[in-house]
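File shown here: target.tsv, holding TSV, C-alpha atoms.
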chain	number	residue	atom	x	y	z
G	1	MET	CA	-13.84	7.80	2.15
G	2	ARG	CA	-12.77	4.19	2.04
G	3	ILE	CA	-13.78	3.07	-1.45
G	4	VAL	CA	-13.65	-0.40	-2.97
G	5	VAL	CA	-13.63	-0.26	-6.78
G	6	LYS	CA	-14.29	-3.42	-8.73
G	7	VAL	CA	-13.36	-3.37	-12.40
G	8	GLY	CA	-14.58	-6.04	-14.78
G	9	THR	CA	-12.85	-7.76	-17.66
G	10	SER	CA	-14.99	-5.90	-20.19
G	11	THR	CA	-13.57	-2.63	-18.86
G	12	LEU	CA	-9.94	-3.75	-18.81
G	13	ALA	CA	-9.71	-5.58	-22.12
G	14	HIS	CA	-10.79	-5.34	-25.71
G	15	PRO	CA	-13.05	-8.15	-26.99
G	16	THR	CA	-9.82	-9.77	-28.25
G	17	GLY	CA	-8.72	-10.21	-24.64
G	18	LEU	CA	-5.81	-7.83	-25.11
G	19	LEU	CA	-5.36	-4.90	-22.76
G	20	HIS	CA	-7.44	-1.77	-23.34
G	21	ILE	CA	-4.41	0.44	-22.80
G	22	ARG	CA	-6.00	3.88	-22.90
G	23	ARG	CA	-8.80	2.95	-20.50
G	24	VAL	CA	-6.55	1.19	-17.98
G	25	GLU	CA	-4.13	4.13	-18.00
G	26	GLU	CA	-7.03	6.50	-17.31
G	27	LEU	CA	-8.37	4.26	-14.54
G	28	CYS	CA	-5.01	4.21	-12.76
G	29	ARG	CA	-4.64	7.99	-13.15
G	30	VAL	CA	-8.07	8.68	-11.63
G	31	LEU	CA	-7.61	6.21	-8.77
G	32	SER	CA	-4.19	7.71	-8.02
G	33	ASP	CA	-5.70	11.19	-7.94
G	34	LEU	CA	-8.49	10.09	-5.61
G	35	LYS	CA	-5.88	8.52	-3.36
G	36	ASN	CA	-3.90	11.78	-3.42
G	37	ALA	CA	-7.08	13.56	-2.32
G	38	GLY	CA	-7.14	11.45	0.85
G	39	HIS	CA	-9.45	8.59	-0.07
G	40	GLU	CA	-8.48	5.02	0.78
G	41	ILE	CA	-8.71	2.95	-2.40
G	42	ILE	CA	-8.96	-0.82	-2.73
G	43	LEU	CA	-9.11	-2.23	-6.26
G	44	VAL	CA	-10.76	-5.58	-6.97
G	45	SER	CA	-9.66	-6.42	-10.47
G	46	SER	CA	-10.94	-9.06	-12.83
G	47	GLY	CA	-9.15	-9.74	-16.07
G	48	ALA	CA	-6.56	-12.45	-15.35
G	49	ILE	CA	-8.21	-15.14	-17.47
G	50	GLY	CA	-9.28	-12.66	-20.13
G	51	MET	CA	-5.78	-11.21	-20.47
G	52	GLY	CA	-4.30	-14.70	-20.43
G	53	VAL	CA	-6.56	-15.62	-23.34
G	54	GLY	CA	-5.10	-12.74	-25.31
G	55	LYS	CA	-1.53	-13.38	-24.22
G	56	LEU	CA	-1.75	-17.04	-25.19
G	57	SER	CA	-3.57	-16.22	-28.47
G	58	LEU	CA	-6.50	-18.48	-27.60
G	59	SER	CA	-9.65	-18.24	-29.72
G	60	GLY	CA	-11.88	-17.45	-26.75
G	61	ARG	CA	-12.46	-18.00	-23.06
G	62	PRO	CA	-11.60	-21.67	-22.34
G	63	SER	CA	-14.25	-24.00	-20.97
G	64	ASP	CA	-12.02	-26.59	-19.31
G	65	MET	CA	-10.52	-25.95	-15.87
G	66	PRO	CA	-6.80	-26.61	-16.65
G	67	THR	CA	-6.79	-24.12	-19.54
G	68	LYS	CA	-8.70	-21.55	-17.46
G	69	GLN	CA	-6.12	-21.88	-14.71
G	70	ALA	CA	-3.24	-21.70	-17.18
G	71	ALA	CA	-4.70	-18.56	-18.72
G	72	ALA	CA	-5.17	-17.05	-15.26
G	73	ALA	CA	-1.56	-17.77	-14.30
G	74	VAL	CA	-0.29	-16.02	-17.43
G	75	GLY	CA	-2.82	-13.19	-17.31
G	76	GLN	CA	-2.32	-12.36	-13.63
G	77	CYS	CA	1.36	-11.66	-14.28
G	78	GLU	CA	0.45	-9.32	-17.12
G	79	LEU	CA	-2.24	-7.64	-15.03
G	80	MET	CA	-0.04	-6.90	-12.03
G	81	TYR	CA	2.90	-5.81	-14.19
G	82	THR	CA	0.61	-3.27	-15.82
G	83	TYR	CA	-0.85	-1.99	-12.54
G	84	ASP	CA	2.57	-1.75	-10.89
G	85	LYS	CA	3.99	0.19	-13.83
G	86	LEU	CA	1.08	2.62	-14.11
G	87	PHE	CA	0.54	3.32	-10.41
G	88	SER	CA	4.29	3.73	-9.89
G	89	GLU	CA	4.18	6.64	-12.32
G	90	TYR	CA	2.04	8.44	-9.72
G	91	ARG	CA	4.23	7.28	-6.82
G	92	HIS	CA	1.76	4.75	-5.43
G	93	THR	CA	2.81	1.31	-4.23
G	94	VAL	CA	0.52	-1.57	-5.14
G	95	ALA	CA	0.07	-4.86	-3.27
G	96	GLN	CA	-1.38	-8.07	-4.69
G	97	ILE	CA	-3.79	-10.25	-2.71
G	98	LEU	CA	-5.16	-13.44	-4.32
G	99	LEU	CA	-8.01	-15.19	-2.54
G	100	THR	CA	-9.98	-18.42	-2.67
G	101	ALA	CA	-13.27	-19.18	-0.94
G	102	GLY	CA	-11.44	-20.69	2.04
G	103	ASP	CA	-9.81	-17.34	2.77
G	104	ILE	CA	-13.29	-15.86	3.13
G	105	GLU	CA	-15.22	-18.72	4.73
G	106	ARG	CA	-12.75	-19.85	7.42
G	107	PRO	CA	-12.73	-17.41	10.35
G	108	ASP	CA	-8.98	-17.65	11.00
G	109	ARG	CA	-8.02	-17.04	7.38
G	110	ARG	CA	-10.62	-14.30	7.00
G	111	GLU	CA	-9.15	-12.55	10.03
G	112	ASN	CA	-5.66	-12.85	8.53
G	113	PHE	CA	-6.94	-11.31	5.29
G	114	HIS	CA	-8.62	-8.47	7.18
G	115	ASN	CA	-5.47	-7.76	9.20
G	116	THR	CA	-3.27	-7.75	6.10
G	117	LEU	CA	-5.63	-5.47	4.20
G	118	THR	CA	-5.93	-3.08	7.14
G	119	ARG	CA	-2.16	-2.88	7.54
G	120	LEU	CA	-1.66	-2.24	3.82
G	121	LEU	CA	-4.02	0.71	4.01
G	122	GLU	CA	-2.19	2.02	7.08
G	123	LEU	CA	1.04	1.80	5.09
G	124	GLN	CA	-0.55	3.85	2.28
G	125	ALA	CA	-0.35	0.96	-0.19
G	126	LEU	CA	-3.01	0.37	-2.82
G	127	PRO	CA	-4.26	-3.24	-2.48
G	128	ILE	CA	-5.25	-5.01	-5.69
G	129	ILE	CA	-7.37	-8.08	-5.06
G	130	ASN	CA	-8.44	-10.91	-7.34
G	131	GLU	CA	-9.64	-14.45	-6.95
G	132	ASN	CA	-6.78	-16.93	-7.19
G	133	ASP	CA	-8.08	-18.38	-10.45
G	134	SER	CA	-4.90	-20.35	-11.15
G	135	VAL	CA	-5.62	-22.69	-8.23
G	136	ALA	CA	-9.34	-22.21	-7.52
G	137	THR	CA	-11.64	-25.10	-8.42
G	138	GLU	CA	-15.41	-25.34	-8.22
G	139	GLU	CA	-15.15	-26.44	-4.59
G	140	ILE	CA	-13.00	-23.50	-3.45
G	141	SER	CA	-14.08	-20.85	-5.94
G	142	ILE	CA	-15.76	-17.62	-4.86
G	143	GLY	CA	-17.21	-17.59	-8.35
G	144	ASP	CA	-17.15	-13.97	-9.46
G	145	ASN	CA	-15.48	-10.72	-8.51
G	146	ASP	CA	-18.76	-8.89	-7.96
G	147	THR	CA	-19.32	-11.12	-4.94
G	148	LEU	CA	-15.65	-10.93	-3.95
G	149	SER	CA	-15.69	-7.13	-4.00
G	150	ALA	CA	-18.78	-7.05	-1.79
G	151	VAL	CA	-17.16	-9.44	0.70
G	152	VAL	CA	-14.03	-7.25	0.71
G	153	ALA	CA	-16.11	-4.10	1.25
G	154	ALA	CA	-17.98	-5.73	4.11
G	155	SER	CA	-14.77	-7.06	5.69
G	156	ILE	CA	-12.99	-3.73	5.63
G	157	GLN	CA	-16.12	-1.69	6.49
G	158	ALA	CA	-15.85	0.40	3.33
G	159	ASP	CA	-17.95	3.52	2.90
G	160	LEU	CA	-18.69	2.72	-0.72
G	161	LEU	CA	-18.41	-0.11	-3.24
G	162	VAL	CA	-18.31	0.81	-6.94
G	163	LEU	CA	-18.80	-1.87	-9.59
G	164	LEU	CA	-17.45	-0.72	-12.95
G	165	SER	CA	-18.76	-2.79	-15.84
G	166	ASP	CA	-20.02	-2.43	-19.41
G	167	ILE	CA	-23.49	-1.29	-18.30
G	168	ASP	CA	-24.70	2.10	-17.10
G	169	GLY	CA	-26.63	0.75	-14.13
G	170	LEU	CA	-29.72	-1.29	-13.27
G	171	TYR	CA	-32.54	-0.84	-15.78
G	172	ASP	CA	-36.26	-1.28	-15.15
G	173	ALA	CA	-36.34	-3.66	-18.14
G	174	ASP	CA	-33.88	-5.40	-20.45
G	175	PRO	CA	-32.38	-2.51	-22.48
G	176	HIS	CA	-31.43	-4.93	-25.28
G	177	ARG	CA	-35.09	-5.79	-25.80
G	178	CYS	CA	-36.87	-2.69	-24.56
G	179	PRO	CA	-35.66	0.57	-26.13
G	180	ASP	CA	-37.68	2.52	-23.56
G	181	ALA	CA	-35.90	0.88	-20.61
G	182	ARG	CA	-34.69	3.40	-18.04
G	183	ILE	CA	-31.96	3.32	-15.44
G	184	ILE	CA	-33.13	3.06	-11.84
G	185	PRO	CA	-31.06	5.80	-10.15
G	186	GLN	CA	-31.55	4.59	-6.57
G	187	VAL	CA	-32.57	1.36	-4.88
G	188	GLU	CA	-33.58	1.57	-1.22
G	189	ARG	CA	-34.65	-2.04	-0.83
G	190	ILE	CA	-33.59	-5.14	-2.76
G	191	ASP	CA	-36.88	-7.02	-3.00
G	192	GLU	CA	-38.11	-9.74	-5.35
G	193	GLY	CA	-39.00	-7.16	-7.98
G	194	ILE	CA	-35.42	-5.85	-8.06
G	195	LEU	CA	-33.93	-9.34	-8.07
G	196	ALA	CA	-36.14	-10.27	-11.02
G	197	LEU	CA	-34.32	-7.64	-13.08
G	198	GLY	CA	-31.09	-9.69	-12.93
G	199	GLY	CA	-30.22	-11.48	-16.16
G	200	GLY	CA	-27.64	-14.02	-17.24
G	201	ALA	CA	-23.88	-13.85	-17.58
G	202	GLY	CA	-22.08	-10.82	-18.91
G	203	SER	CA	-19.40	-10.54	-21.59
G	204	GLY	CA	-17.76	-13.52	-23.26
G	205	LEU	CA	-14.47	-12.96	-21.43
G	206	GLY	CA	-15.99	-12.32	-18.00
G	207	THR	CA	-18.15	-14.26	-15.55
G	208	GLY	CA	-20.41	-11.57	-14.11
G	209	GLY	CA	-23.86	-10.32	-15.00
G	210	MET	CA	-26.58	-8.27	-13.36
G	211	ALA	CA	-27.60	-11.18	-11.12
G	212	THR	CA	-24.15	-11.30	-9.51
G	213	LYS	CA	-24.19	-7.51	-9.07
G	214	LEU	CA	-27.52	-7.66	-7.27
G	215	HIS	CA	-26.15	-10.39	-5.03
G	216	ALA	CA	-23.15	-8.16	-4.31
G	217	ALA	CA	-25.52	-5.32	-3.47
G	218	GLN	CA	-27.27	-7.51	-0.91
G	219	ILE	CA	-23.98	-8.38	0.78
G	220	ALA	CA	-22.69	-4.81	0.78
G	221	THR	CA	-25.82	-3.04	1.94
G	222	GLN	CA	-26.47	-5.55	4.71
G	223	ALA	CA	-22.96	-4.79	5.97
G	224	GLY	CA	-23.54	-1.04	5.93
G	225	THR	CA	-21.84	-0.17	2.63
G	226	ASP	CA	-23.58	1.68	-0.20
G	227	MET	CA	-22.97	0.25	-3.66
G	228	ILE	CA	-23.00	1.82	-7.12
G	229	ILE	CA	-23.17	0.14	-10.52
G	230	ALA	CA	-21.66	2.35	-13.22
G	231	ASN	CA	-20.15	2.12	-16.69
G	232	GLY	CA	-16.39	1.64	-16.61
G	233	SER	CA	-15.83	2.93	-20.14
G	234	ARG	CA	-15.32	6.40	-18.64
G	235	PRO	CA	-13.18	6.09	-15.49
G	236	GLN	CA	-13.47	9.86	-14.87
G	237	LEU	CA	-16.95	9.26	-13.48
G	238	LEU	CA	-15.22	8.09	-10.30
G	239	TYR	CA	-14.58	11.77	-9.59
G	240	GLU	CA	-18.32	12.43	-9.81
G	241	ILE	CA	-19.04	9.48	-7.54
G	242	ALA	CA	-16.49	10.65	-4.95
G	243	ASP	CA	-18.11	14.09	-5.04
G	244	GLY	CA	-21.50	12.58	-4.24
G	245	GLN	CA	-23.07	13.14	-7.65
G	246	ALA	CA	-25.72	10.76	-9.00
G	247	VAL	CA	-24.07	8.22	-11.30
G	248	GLY	CA	-25.47	4.88	-12.44
G	249	THR	CA	-27.55	3.02	-9.86
G	250	ARG	CA	-26.91	3.47	-6.15
G	251	PHE	CA	-28.02	0.82	-3.67
G	252	LEU	CA	-28.54	2.32	-0.24
G	253	THR	CA	-27.37	0.58	2.89
G	254	LYS	CA	-29.86	-0.70	5.42
G	255	ARG	CA	-29.59	1.85	8.22

Would you mind writing the file out in structure tokens?
Amino acid sequence: MRIVVKVGTSTLAHPTGLLHIRRVEELCRVLSDLKNAGHEIILVSSGAIGMGVGKLSLSGRPSDMPTKQAAAAVGQCELMYTYDKLFSEYRHTVAQILLTAGDIERPDRRENFHNTLTRLLELQALPIINENDSVATEEISIGDNDTLSAVVAASIQADLLVLLSDIDGLYDADPHRCPDARIIPQVERIDEGILALGGGAGSGLGTGGMATKLHAAQIATQAGTDMIIANGSRPQLLYEIADGQAVGTRFLTKR
């Protein structure tokens, strides 16, 4: 399968913003093993700003644009250094692609992105994609990596998009307020009732939330790609997903 895996800041970093070493090591090991098994893997990775916050010893996620961009510039170096080191241990070559909204919205640049990504997969590289937060502004920002990962999955005609976050899936009610809330294992149609289950923003270091994940599901399924929301605290569940087992919430493509 061609699988796009999006990993959120809450999965990659501790609440301090510093790298969650054990989890990232396990993520890279599992993705390398899946690649060894013959799957094509594309990783959409958040975490640049969050890791920059930790690296720069800031008190929290900055609110002003220059500090956000400075944190992203520092954090992206740390992020790619870590991925390169860990994937190299399993003899996999990584490639970095940083995007802004213009690379997605303009047909010529989108085609260039598609061609580059396709060639990287042909060359057996493992593309790692992030928004170019160090230069993106409100006018050219994609906004969140849930949406970015869905656009990537649609562009490359992926078989599956997996969003790894700090939640187990889509619940039928707010699990923080309703102890009886249950995970919805499968969504065949994203209607108003499903969209109403989206909440606000996610963790303090990240930008996503359930609303952005539901938007990503709309993009992916309309393009013919199934999408799964699952908890990234246990990267081994990617084995279960690749084997077709029921994990988290699966959004079915419109066939």

* Give me, please, the distance in Å between CA of Thr82 in chain G and CA of Cys28 in chain G, quoted to one decimal. =>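 The value is 9.8 Å.
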
* Asked: Near range 8-12 of chain G, within 12 Å and counting all atoms listed in the file, which residues show up once chain neighbours fewer than 5 positions away are dropped, as number ranges by chain?
  -> G: 17-28, 43-54, 61, 75, 78-79, 82-83, 130, 144-146, 148-149, 162-167, 202-209, 213, 229-235

Distance query Ala154 in chain G at most 6 Å, all atoms listed in the file, self and fewer than 3 positions along chain excluded, as a PDB file with C-alpha atoms, in the coordinates of the input:
ATOM      1  CA  VAL G 151     -17.160  -9.440   0.700  1.00  0.00           C
ATOM      2  CA  GLN G 157     -16.120  -1.690   6.490  1.00  0.00           C
ATOM      3  CA  ALA G 220     -22.690  -4.810   0.780  1.00  0.00           C
ATOM      4  CA  ALA G 223     -22.960  -4.790   5.970  1.00  0.00           C
TER       5      ALA G 223
END

* Asked: For Ala211 in chain G, which residue out of G:Ala196, G:Tyr81, G:Pro62, G:Ala150 is the nearest one, using only C-alpha atoms?
  ->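 Using only C-alpha atoms, the shortest distance to Ala211 in chain G belongs to G:Ala196.
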
Please provide as a JSON list (two decimals) with C-alpha atoms, in the coordinates of the input all residues within 9 Å of range 169-184 of chain G, with the sequence filter that same-chain residues fewer than 6 positions apart are discarded (counting all atoms listed in the file).
[["chain", "number", "residue", "atom", "x", "y", "z"],
["G", 194, "ILE", "CA", -35.42, -5.85, -8.06],
["G", 197, "LEU", "CA", -34.32, -7.64, -13.08],
["G", 198, "GLY", "CA", -31.09, -9.69, -12.93],
["G", 199, "GLY", "CA", -30.22, -11.48, -16.16],
["G", 210, "MET", "CA", -26.58, -8.27, -13.36],
["G", 228, "ILE", "CA", -23.00, 1.82, -7.12],
["G", 229, "ILE", "CA", -23.17, 0.14, -10.52],
["G", 230, "ALA", "CA", -21.66, 2.35, -13.22],
["G", 231, "ASN", "CA", -20.15, 2.12, -16.69],
["G", 247, "VAL", "CA", -24.07, 8.22, -11.30],
["G", 248, "GLY", "CA", -25.47, 4.88, -12.44],
["G", 249, "THR", "CA", -27.55, 3.02, -9.86],
["G", 250, "ARG", "CA", -26.91, 3.47, -6.15]]

Please enclose the listed atoms of range 219-232 of chain G in an axis-aligned box, pad each side by 4 Å, and write out the centre and the three edge lengths in Å, rounded to one decimal, as JSON.
{"center_x": -21.4, "center_y": -3.0, "center_z": -5.4, "size_x": 18.1, "size_y": 18.7, "size_z": 30.7}

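Counting from CA of Ile104 in chain G, the distance to CA of Ala71 in chain G is 23.6 Å.
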
* To do: Counting all atoms listed in the file, select every polymer residue within 12 Å of (-1.6, -3.5, 4.3) as defined in the file's coordinates, and provide the selection as a list of chain:residue names.
  =>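 Here the neighbourhood of the point contains G:Glu40, G:Ile41, G:Ile42, G:Thr93, G:Val94, G:Ala95, G:Gln96, G:Ile97, G:Asn112, G:Phe113, G:His114, G:Asn115, G:Thr116, G:Leu117, G:Thr118, G:Arg119, G:Leu120, G:Leu121, G:Glu122, G:Leu123, G:Gln124, G:Ala125, G:Leu126, G:Pro127, G:Ile128, G:Ile129, G:Ile156.
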
* Nearby residues (all atoms listed in the file) at most 10 Å from Leu160 in chain G, same-chain spacing under 5 positions excluded, as a list in words ->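 Neighbouring residues, sequence-local ones excluded: Met1, Arg2, Ile3, Val4, Val5, Ala150, Ala153, Ala154, Ala220, Thr221, Gly224, Thr225, Asp226, Met227, Ile228, Ile241, Ala242, Arg250, Phe251, Leu252 and Thr253 of chain G.
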
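Among the candidates G:Leu161, G:Tyr90, G:Arg106, G:Gly60, the residue lying nearest to Pro15 in chain G is G:Gly60 (atoms considered: all atoms listed in the file).
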
* Structure fact -> Taken to one decimal, the CA of Lys6 in chain G-CA of Cys77 in chain G distance is 18.5 Å

* Taking into account all atoms listed in the file, which residue in the set G:Thr16, G:Gln245, G:Gln236, G:Ser32 is nearest to Leu56 in chain G? ->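 Among the listed residues, G:Thr16 lies closest to Leu56 in chain G.
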
* Would you please work out which residue, of G:Ser88, G:Ser59, G:Thr147, G:Gln186, is nearest to Ile219 in chain G when using only C-alpha atoms? =>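 Smallest distance to Ile219 in chain G is found for G:Thr147.
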
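Using all atoms listed in the file, the smallest distance between any of G:Ala216, G:Leu58, G:Val187, G:Ala72 and Leu98 in chain G comes from G:Ala72.
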
* Residue nearest Ala101 in chain G - candidates G:Asn132, G:His14, G:Val7, G:Leu195, atoms counted: all atoms listed in the file ->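 Using all atoms listed in the file, Ala101 in chain G sits closest to G:Asn132.
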